[in-house]
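Just run.cif here, mmCIF, C-alpha atoms:
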```
data_input
#
loop_
_atom_site.label_atom_id
_atom_site.label_comp_id
_atom_site.auth_asym_id
_atom_site.auth_seq_id
_atom_site.Cartn_x
_atom_site.Cartn_y
_atom_site.Cartn_z
CA MET D 1 114.83 49.49 97.72
CA THR D 2 115.21 53.22 97.08
CA THR D 3 117.56 55.00 99.48
CA THR D 4 116.84 58.63 100.26
CA PRO D 5 120.03 60.67 99.78
CA PRO D 6 121.17 62.79 102.73
CA PRO D 7 120.43 66.52 102.71
CA ASP D 8 123.02 68.54 100.81
CA PHE D 9 124.51 70.07 103.97
CA ASP D 10 125.13 66.64 105.53
CA ARG D 11 126.63 65.36 102.30
CA GLU D 12 128.82 68.43 101.83
CA THR D 13 130.17 68.30 105.41
CA ALA D 14 130.41 64.50 105.59
CA VAL D 15 133.51 62.89 107.11
CA HIS D 16 134.72 59.31 106.73
CA ALA D 17 137.15 57.49 109.00
CA SER D 18 140.56 57.24 107.35
CA ALA D 19 141.73 53.68 106.76
CA GLY D 20 144.61 52.70 109.01
CA GLU D 21 144.84 56.06 110.78
CA PRO D 22 142.82 56.11 114.03
CA GLY D 23 141.26 59.46 114.85
CA SER D 24 141.62 60.78 111.27
CA TYR D 25 138.76 61.55 108.90
CA ASP D 26 138.65 62.25 105.19
CA THR D 27 136.37 64.92 103.76
CA ASP D 28 135.84 66.80 100.51
CA LEU D 29 135.40 70.55 101.01
CA PRO D 30 132.55 71.82 98.82
CA GLY D 31 133.15 74.55 96.27
CA ALA D 32 129.47 75.47 96.59
CA TRP D 33 130.34 77.08 99.95
CA LYS D 34 133.07 79.34 98.61
CA VAL D 35 132.98 82.97 99.76
CA GLY D 36 135.62 85.48 98.76
CA GLN D 37 138.87 83.61 98.29
CA GLY D 38 138.10 80.47 100.26
CA ILE D 39 135.53 78.13 101.80
CA ASN D 40 133.16 79.71 104.33
CA GLY D 41 134.60 79.56 107.84
CA GLY D 42 131.35 78.29 109.33
CA VAL D 43 131.32 75.32 106.97
CA LEU D 44 134.93 74.51 107.91
CA LEU D 45 134.00 74.72 111.58
CA ALA D 46 130.93 72.49 111.16
CA THR D 47 132.89 69.91 109.14
CA THR D 48 135.68 69.75 111.71
CA ALA D 49 133.13 69.58 114.52
CA ARG D 50 131.45 66.65 112.75
CA ALA D 51 134.72 64.72 112.91
CA LEU D 52 135.02 65.47 116.64
CA SER D 53 131.40 64.39 117.13
CA ALA D 54 132.24 61.06 115.53
CA GLU D 55 135.32 60.68 117.72
CA LEU D 56 133.97 61.89 121.07
CA GLY D 57 130.39 60.70 120.57
CA THR D 58 131.38 57.02 120.78
CA PRO D 59 131.35 55.57 124.35
CA ARG D 60 134.78 54.29 125.34
CA ASP D 61 136.64 53.15 128.45
CA ASP D 62 133.42 53.01 130.50
CA ARG D 63 132.75 56.67 129.66
CA PRO D 64 129.60 57.83 127.86
CA GLY D 65 129.73 59.35 124.41
CA HIS D 66 129.52 63.14 124.05
CA PRO D 67 128.26 63.92 120.54
CA ASP D 68 127.38 67.62 120.81
CA PRO D 69 129.71 70.63 120.61
CA LEU D 70 129.26 72.93 123.61
CA SER D 71 132.25 75.22 123.20
CA VAL D 72 134.49 75.32 120.14
CA SER D 73 137.49 77.61 119.63
CA ALA D 74 139.09 77.69 116.20
CA TYR D 75 142.09 79.40 114.64
CA TYR D 76 142.01 79.83 110.88
CA LEU D 77 145.59 79.38 109.70
CA SER D 78 145.33 79.48 105.90
CA THR D 79 142.72 79.74 103.17
CA ALA D 80 140.88 76.47 102.51
CA THR D 81 139.97 75.58 98.93
CA ALA D 82 137.48 73.16 97.40
CA GLY D 83 138.71 69.58 97.33
CA PRO D 84 139.99 66.76 99.54
CA ALA D 85 141.04 67.41 103.12
CA VAL D 86 141.96 65.41 106.21
CA ILE D 87 140.82 66.10 109.77
CA ARG D 88 143.06 64.69 112.49
CA THR D 89 141.40 64.55 115.88
CA GLU D 90 142.83 64.13 119.36
CA THR D 91 140.95 63.07 122.48
CA VAL D 92 142.34 65.26 125.25
CA ARG D 93 140.12 64.05 128.07
CA ARG D 94 137.02 61.89 128.51
CA GLY D 95 134.72 62.55 131.46
CA ASN D 96 131.26 61.57 132.59
CA SER D 97 129.54 64.81 131.59
CA LEU D 98 132.11 66.44 129.29
CA SER D 99 134.88 65.41 126.94
CA HIS D 100 137.58 67.61 125.47
CA GLY D 101 139.19 67.18 122.10
CA GLY D 102 141.30 68.89 119.49
CA ALA D 103 141.32 68.73 115.72
CA GLU D 104 143.31 69.98 112.77
CA LEU D 105 142.02 70.30 109.21
CA LEU D 106 144.72 69.89 106.55
CA GLN D 107 144.95 70.06 102.77
CA GLN D 108 147.65 69.07 100.30
CA GLU D 109 148.75 72.09 98.25
CA GLU D 110 151.73 70.64 96.39
CA PRO D 111 152.16 66.96 95.38
CA ASP D 112 155.64 66.64 96.89
CA ALA D 113 155.11 68.88 99.93
CA GLY D 114 153.55 68.14 103.29
CA PRO D 115 149.91 68.97 104.10
CA VAL D 116 149.07 72.55 105.08
CA ALA D 117 146.99 73.27 108.18
CA ARG D 118 143.82 75.24 107.46
CA LEU D 119 142.15 75.17 110.85
CA ARG D 120 142.98 74.15 114.43
CA VAL D 121 140.27 73.56 117.00
CA LEU D 122 140.01 72.92 120.72
CA ALA D 123 136.54 71.97 121.93
CA ALA D 124 134.39 70.77 124.82
CA TYR D 125 131.67 68.26 123.95
CA GLY D 126 128.68 66.98 125.88
CA ASP D 127 125.14 65.75 125.30
CA LEU D 128 122.61 68.55 124.86
CA ASP D 129 119.80 66.14 125.69
CA ASP D 130 121.20 65.97 129.22
CA GLN D 131 121.04 69.74 129.68
CA ALA D 132 118.37 70.66 132.23
CA GLY D 133 115.95 73.56 131.95
CA ASP D 134 115.39 76.32 129.44
CA VAL D 135 117.90 78.89 128.30
CA LEU D 136 117.71 81.81 130.75
CA THR D 137 119.07 85.09 129.41
CA ALA D 138 118.66 88.83 129.74
CA ALA D 139 119.14 89.12 125.98
CA LYS D 140 116.12 89.79 123.79
CA PRO D 141 115.29 88.17 120.44
CA PRO D 142 116.22 90.46 117.54
CA GLU D 143 113.53 92.60 115.98
CA LEU D 144 113.28 91.51 112.36
CA ALA D 145 110.86 92.30 109.59
CA PRO D 146 108.73 89.29 108.56
CA VAL D 147 110.57 86.82 106.34
CA GLU D 148 108.58 87.80 103.27
CA GLN D 149 109.56 91.47 103.73
CA CYS D 150 113.30 90.77 104.08
CA ILE D 151 115.82 90.83 101.23
CA GLY D 152 116.77 87.40 99.88
CA SER D 153 120.31 86.46 98.93
CA HIS D 154 119.23 86.29 95.27
CA ALA D 155 119.03 90.11 95.35
CA ALA D 156 122.71 90.56 96.22
CA PRO D 157 124.75 92.64 93.74
CA PRO D 158 125.97 90.52 90.78
CA GLU D 159 129.65 91.05 91.64
CA PHE D 160 128.98 89.84 95.20
CA ARG D 161 127.16 86.72 93.98
CA ALA D 162 130.07 85.96 91.65
CA GLU D 163 132.48 86.10 94.61
CA SER D 164 130.19 84.10 96.90
CA PRO D 165 128.67 80.94 95.35
CA MET D 166 127.52 80.01 98.87
CA LEU D 167 124.58 82.39 98.35
CA THR D 168 123.00 79.65 96.22
CA ARG D 169 123.30 77.18 99.11
CA ALA D 170 121.93 79.31 101.96
CA ASP D 171 118.45 80.78 102.22
CA LEU D 172 119.32 84.15 103.74
CA ARG D 173 116.80 86.96 104.22
CA LEU D 174 118.45 90.18 105.43
CA ASP D 175 116.45 92.73 107.40
CA PRO D 176 115.83 95.86 105.28
CA SER D 177 117.56 97.99 107.94
CA CYS D 178 120.96 96.49 107.15
CA VAL D 179 121.18 96.29 103.35
CA GLY D 180 122.14 99.90 102.68
CA TRP D 181 125.70 98.78 101.90
CA ALA D 182 124.40 97.11 98.72
CA VAL D 183 123.37 100.49 97.28
CA GLY D 184 126.25 102.54 98.65
CA ALA D 185 124.35 103.81 101.70
CA PRO D 186 125.54 101.80 104.73
CA SER D 187 123.83 102.58 108.05
CA GLY D 188 127.08 102.99 109.99
CA ARG D 189 125.68 100.88 112.87
CA GLY D 190 127.89 97.83 112.33
CA VAL D 191 124.94 95.43 112.65
CA MET D 192 123.87 92.68 110.25
CA LYS D 193 120.77 90.60 110.97
CA GLY D 194 118.37 88.32 109.19
CA TRP D 195 116.67 84.96 108.83
CA PHE D 196 118.53 81.79 107.86
CA ARG D 197 117.65 78.25 106.86
CA LEU D 198 118.89 75.70 104.38
CA PRO D 199 116.94 75.40 101.12
CA GLU D 200 116.61 71.64 101.55
CA THR D 201 114.19 70.14 104.06
CA ARG D 202 116.44 69.89 107.10
CA ASP D 203 115.83 71.05 110.65
CA PRO D 204 118.65 72.96 112.37
CA ASP D 205 120.94 71.09 114.74
CA PRO D 206 124.12 71.92 116.72
CA LEU D 207 126.38 71.51 113.67
CA LEU D 208 124.23 73.89 111.64
CA LEU D 209 124.46 76.40 114.50
CA LEU D 210 128.25 76.35 114.14
CA MET D 211 127.83 77.27 110.50
CA ALA D 212 125.21 79.92 111.28
CA VAL D 213 127.58 81.94 113.47
CA ASP D 214 129.51 82.82 110.29
CA ILE D 215 126.72 82.84 107.71
CA LEU D 216 125.81 86.53 107.30
CA PRO D 217 127.78 89.15 105.38
CA PRO D 218 130.36 90.77 107.68
CA ALA D 219 129.05 93.51 109.96
CA SER D 220 131.78 95.74 108.48
CA PHE D 221 129.66 96.01 105.33
CA GLU D 222 127.29 98.28 107.24
CA LEU D 223 130.30 100.42 108.20
CA GLY D 224 130.98 101.04 104.52
CA MET D 225 133.82 98.50 104.25
CA VAL D 226 132.63 95.96 101.69
CA GLY D 227 134.84 93.03 100.78
CA TRP D 228 136.23 89.73 102.00
CA ALA D 229 136.76 89.79 105.80
CA PRO D 230 138.58 86.54 106.66
CA THR D 231 138.16 85.10 110.14
CA LEU D 232 141.32 84.73 112.22
CA GLU D 233 139.82 83.22 115.38
CA LEU D 234 136.29 82.21 116.36
CA THR D 235 134.85 80.85 119.60
CA ALA D 236 131.29 79.51 119.55
CA HIS D 237 129.07 78.35 122.41
CA VAL D 238 126.12 76.07 121.68
CA ARG D 239 123.50 76.44 124.42
CA ALA D 240 120.60 74.23 123.33
CA ARG D 241 119.36 71.97 120.58
CA PRO D 242 117.39 74.33 118.27
CA ALA D 243 113.69 73.99 117.52
CA PRO D 244 112.67 73.31 113.89
CA GLY D 245 112.19 76.28 111.61
CA TRP D 246 113.96 79.48 110.67
CA LEU D 247 116.96 80.71 112.65
CA ARG D 248 117.36 84.41 113.43
CA VAL D 249 120.96 85.56 113.23
CA VAL D 250 122.54 88.82 114.39
CA HIS D 251 126.16 89.84 113.76
CA SER D 252 127.50 93.06 115.26
CA THR D 253 130.78 94.84 115.83
CA ARG D 254 131.54 97.58 118.36
CA ASN D 255 135.27 97.92 117.90
CA VAL D 256 137.39 98.38 114.78
CA ALA D 257 141.11 98.92 115.28
CA GLY D 258 144.39 98.24 113.52
CA GLY D 259 142.73 96.70 110.48
CA TYR D 260 140.75 94.15 112.51
CA MET D 261 137.31 93.91 114.06
CA GLU D 262 135.59 91.75 116.62
CA GLU D 263 132.22 90.38 115.54
CA ASP D 264 129.65 89.00 117.97
CA ALA D 265 126.90 86.66 116.81
CA GLU D 266 123.65 85.49 118.38
CA ILE D 267 121.51 82.66 116.99
CA TRP D 268 117.86 82.47 118.04
CA ASP D 269 115.56 79.59 117.17
CA SER D 270 111.85 79.56 116.32
CA ALA D 271 110.99 79.09 120.01
CA ASP D 272 112.63 82.44 120.90
CA ARG D 273 115.61 80.78 122.59
CA LEU D 274 119.18 82.00 122.35
CA VAL D 275 120.67 78.70 121.20
CA ALA D 276 124.19 79.77 120.19
CA GLN D 277 126.62 82.67 120.53
CA SER D 278 130.06 83.44 119.16
CA ARG D 279 132.78 86.03 118.99
CA GLN D 280 135.35 86.17 116.25
CA LEU D 281 138.30 88.30 115.29
CA ALA D 282 138.34 89.12 111.59
CA ARG D 283 140.52 91.15 109.28
CA LEU D 284 138.78 94.15 107.79
CA PRO D 285 138.26 94.17 104.04
CA ARG D 286 141.13 95.76 102.18
CA GLN D 287 140.04 99.14 100.83
CA SER D 288 141.39 100.36 97.50
#
```
Using the file provided, produce a representation of the structure as structure tokens.
Amino acid sequence: MTTTPPPDFDRETAVHASAGEPGSYDTDLPGAWKVGQGINGGVLLATTARALSAELGTPRDDRPGHPDPLSVSAYYLSTATAGPAVIRTETVRRGNSLSHGGAELLQQEEPDAGPVARLRVLAAYGDLDDQAGDVLTAAKPPELAPVEQCIGSHAAPPEFRAESPMLTRADLRLDPSCVGWAVGAPSGRGVMKGWFRLPETRDPDPLLLLMAVDILPPASFELGMVGWAPTLELTAHVRARPAPGWLRVVHSTRNVAGGYMEEDAEIWDSADRLVAQSRQLARLPRQS
């Protein structure tokens, strides 16, 4: 019998229960998702959230399982690199409609030293299938040029592609209004928006939404500050299970101060629903 391999994203963010260590999961962080000096923060968030889904999604102690992230807050403590990692989870509270948990992603840097924390997370989990009604919001879907008129990631400057192998793993199509940075003519608006999907045949789900909130180039690029902008803290809210098809993603910043910026993200699905939001604090790219 021929077994169909899992989509690349599921394989690259897979976690496996650690033998003899309850609540711990082994993973192998994928070099294909490197951006700048480390692994993309959205991929780290989705991988860690997958471990919490495995832990909190299992019914226990007469409580139902809660497999879906609803609110996830993460602190990025050090730069993650490609290779083995361990995710240690903690069940903080199990309820009937919500469960709360924490997780820490660690990597071994030196053979004789202890593991180094890359990411710490506190999250609320539920079951999105139990959510009643549509998403009601005063926000409007972003105005984007048609997919075929947007600029694909393959058109990024060569030096940017060399620093960001993840561009080969994500099908990104940036709106023409926010690619001026690539030719030395940023708009100055601090807005980055575009279409996103995975190149493999895979519909979006809550874990992919957690990656999507950190998938676009930083909004600081359109302020004329091009370079690696590492995330310090990110809080994401997942509002609904997304419909199949392209996701529309908007990143924006309204405040730059002291070498840092806040960046807000909205994720809209093909049914015109606002399915996820986030805010992160990031360090501005270092300017020479």
Distance criterion (all atoms listed in the file): nearest to D:Arg118 out of D:Ser71, D:Ser153, D:Thr48, D:Ser24: D:Thr48
Selection under test: the PyMOL selection byres ((chain D and resi 250-267) around 6); residues as a list in words: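 Selected by the PyMOL selection byres ((chain D and resi 250-267) around 6) here: Gly190, Val191, Met192, Lys193, Val213, Ala219, Arg248, Val249, Trp268, Leu274, Val275, Ala276, Gln277, Ser278, Arg279, Gln280, Leu281, Ala282, Arg283 and Leu284 of chain D.
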All file atoms of stretch 18-37 of chain D boxed axis-aligned, 6 Å per side, centre plus edges, as JSON:
```
{"center_x": 137.2, "center_y": 69.1, "center_z": 105.6, "size_x": 27.4, "size_y": 44.8, "size_z": 30.6}
```
Output of the PyMOL selection byres ((chain D and resi 17) around 10), listed as a ChimeraX atom specification: /D:15-16,18-27,51,54-55,86-88
Selected residue, from D:Ala49, D:Val72, D:Glu12, D:Val238, that lies nearest to D:Val135 when counting only C-alpha atoms: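 Of D:Ala49, D:Val72, D:Glu12, D:Val238, the one nearest D:Val135 is D:Val238, counting only C-alpha atoms.
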Residues within 12 Å of D:Ala240, only C-alpha atoms, excluding chain neighbours under 5 positions, as a PDB file with C-alpha atoms, in the coordinates of the input:
```pdb
ATOM      1  CA  ASP D  68     127.380  67.620 120.810  1.00  0.00           C
ATOM      2  CA  PRO D  69     129.710  70.630 120.610  1.00  0.00           C
ATOM      3  CA  LEU D  70     129.260  72.930 123.610  1.00  0.00           C
ATOM      4  CA  SER D  71     132.250  75.220 123.200  1.00  0.00           C
ATOM      5  CA  GLY D 126     128.680  66.980 125.880  1.00  0.00           C
ATOM      6  CA  ASP D 127     125.140  65.750 125.300  1.00  0.00           C
ATOM      7  CA  LEU D 128     122.610  68.550 124.860  1.00  0.00           C
ATOM      8  CA  ASP D 129     119.800  66.140 125.690  1.00  0.00           C
ATOM      9  CA  ASP D 130     121.200  65.970 129.220  1.00  0.00           C
ATOM     10  CA  GLN D 131     121.040  69.740 129.680  1.00  0.00           C
ATOM     11  CA  ALA D 132     118.370  70.660 132.230  1.00  0.00           C
ATOM     12  CA  GLY D 133     115.950  73.560 131.950  1.00  0.00           C
ATOM     13  CA  ASP D 134     115.390  76.320 129.440  1.00  0.00           C
ATOM     14  CA  VAL D 135     117.900  78.890 128.300  1.00  0.00           C
ATOM     15  CA  LEU D 136     117.710  81.810 130.750  1.00  0.00           C
ATOM     16  CA  PRO D 204     118.650  72.960 112.370  1.00  0.00           C
ATOM     17  CA  ASP D 205     120.940  71.090 114.740  1.00  0.00           C
ATOM     18  CA  PRO D 206     124.120  71.920 116.720  1.00  0.00           C
ATOM     19  CA  LEU D 207     126.380  71.510 113.670  1.00  0.00           C
ATOM     20  CA  LEU D 209     124.460  76.400 114.500  1.00  0.00           C
ATOM     21  CA  ILE D 267     121.510  82.660 116.990  1.00  0.00           C
ATOM     22  CA  TRP D 268     117.860  82.470 118.040  1.00  0.00           C
ATOM     23  CA  ASP D 269     115.560  79.590 117.170  1.00  0.00           C
ATOM     24  CA  ALA D 271     110.990  79.090 120.010  1.00  0.00           C
ATOM     25  CA  ASP D 272     112.630  82.440 120.900  1.00  0.00           C
ATOM     26  CA  ARG D 273     115.610  80.780 122.590  1.00  0.00           C
ATOM     27  CA  LEU D 274     119.180  82.000 122.350  1.00  0.00           C
ATOM     28  CA  VAL D 275     120.670  78.700 121.200  1.00  0.00           C
ATOM     29  CA  ALA D 276     124.190  79.770 120.190  1.00  0.00           C
ATOM     30  CA  GLN D 277     126.620  82.670 120.530  1.00  0.00           C
TER      31      GLN D 277
END
```
Report as a compact mmCIF listing (two decimals) with C-alpha atoms, in the frame of the given file the full result of the PyMOL selection byres ((chain D and resi 215) around 10) when it is applied to this structure.
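Saved as part_29.txt:
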```txt
# COMPACT_ATOMS: atom_id res chain seq x y z
CA ASN D 40 133.16 79.71 104.33
CA GLY D 41 134.60 79.56 107.84
CA GLY D 42 131.35 78.29 109.33
CA VAL D 43 131.32 75.32 106.97
CA MET D 166 127.52 80.01 98.87
CA LEU D 167 124.58 82.39 98.35
CA ALA D 170 121.93 79.31 101.96
CA LEU D 172 119.32 84.15 103.74
CA PHE D 196 118.53 81.79 107.86
CA LEU D 209 124.46 76.40 114.50
CA LEU D 210 128.25 76.35 114.14
CA MET D 211 127.83 77.27 110.50
CA ALA D 212 125.21 79.92 111.28
CA VAL D 213 127.58 81.94 113.47
CA ASP D 214 129.51 82.82 110.29
CA LEU D 216 125.81 86.53 107.30
CA PRO D 217 127.78 89.15 105.38
CA PRO D 218 130.36 90.77 107.68
CA VAL D 249 120.96 85.56 113.23
CA VAL D 250 122.54 88.82 114.39
CA HIS D 251 126.16 89.84 113.76
CA ALA D 265 126.90 86.66 116.81
```
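If you look at atom CA of D:Pro176 and atom CA of D:Trp228, they are 21.6 Å away from each other.
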Residue nearest D:Gly180 - candidates D:Gly224, D:Gly65, D:Pro141, D:Pro146, atoms counted: only C-alpha atoms: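 Among the listed residues, the smallest separation from D:Gly180 belongs to D:Gly224.
Minimum distance to D:Leu44 across D:Trp181, D:Gly102, D:Ala243, D:Thr231 (counting only C-alpha atoms) occurs at D:Thr231.
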Of the listed residues D:Leu45, D:Arg286, D:Lys140, D:Gly95, that which approaches D:Pro230 most closely, counting all atoms listed in the file: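 Using all atoms listed in the file, the shortest distance to D:Pro230 belongs to D:Arg286.
Each of D:Met225, D:Thr81, D:Glu233, D:Arg197 was compared to D:Gly245 using all atoms listed in the file, and D:Arg197 turns out to be the nearest.
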Point-to-point distance from atom CA of D:Pro165 to atom CA of D:Leu234, Å rounded to tenths: 22.4 Å
For atom CA of D:Ser270 and atom CA of D:Leu208, the interatomic separation in Å (one decimal):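 Computed distance, atom CA of D:Ser270 to atom CA of D:Leu208, equals 14.4 Å.
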Contacts of D:Asp171 within 10 Å, only C-alpha atoms, excl. fewer than 6 positions in-chain, as a list in words: Gly152, Ser153, His154, Trp195, Phe196, Arg197, Leu198, Pro199, Glu200 and Trp246 of chain D
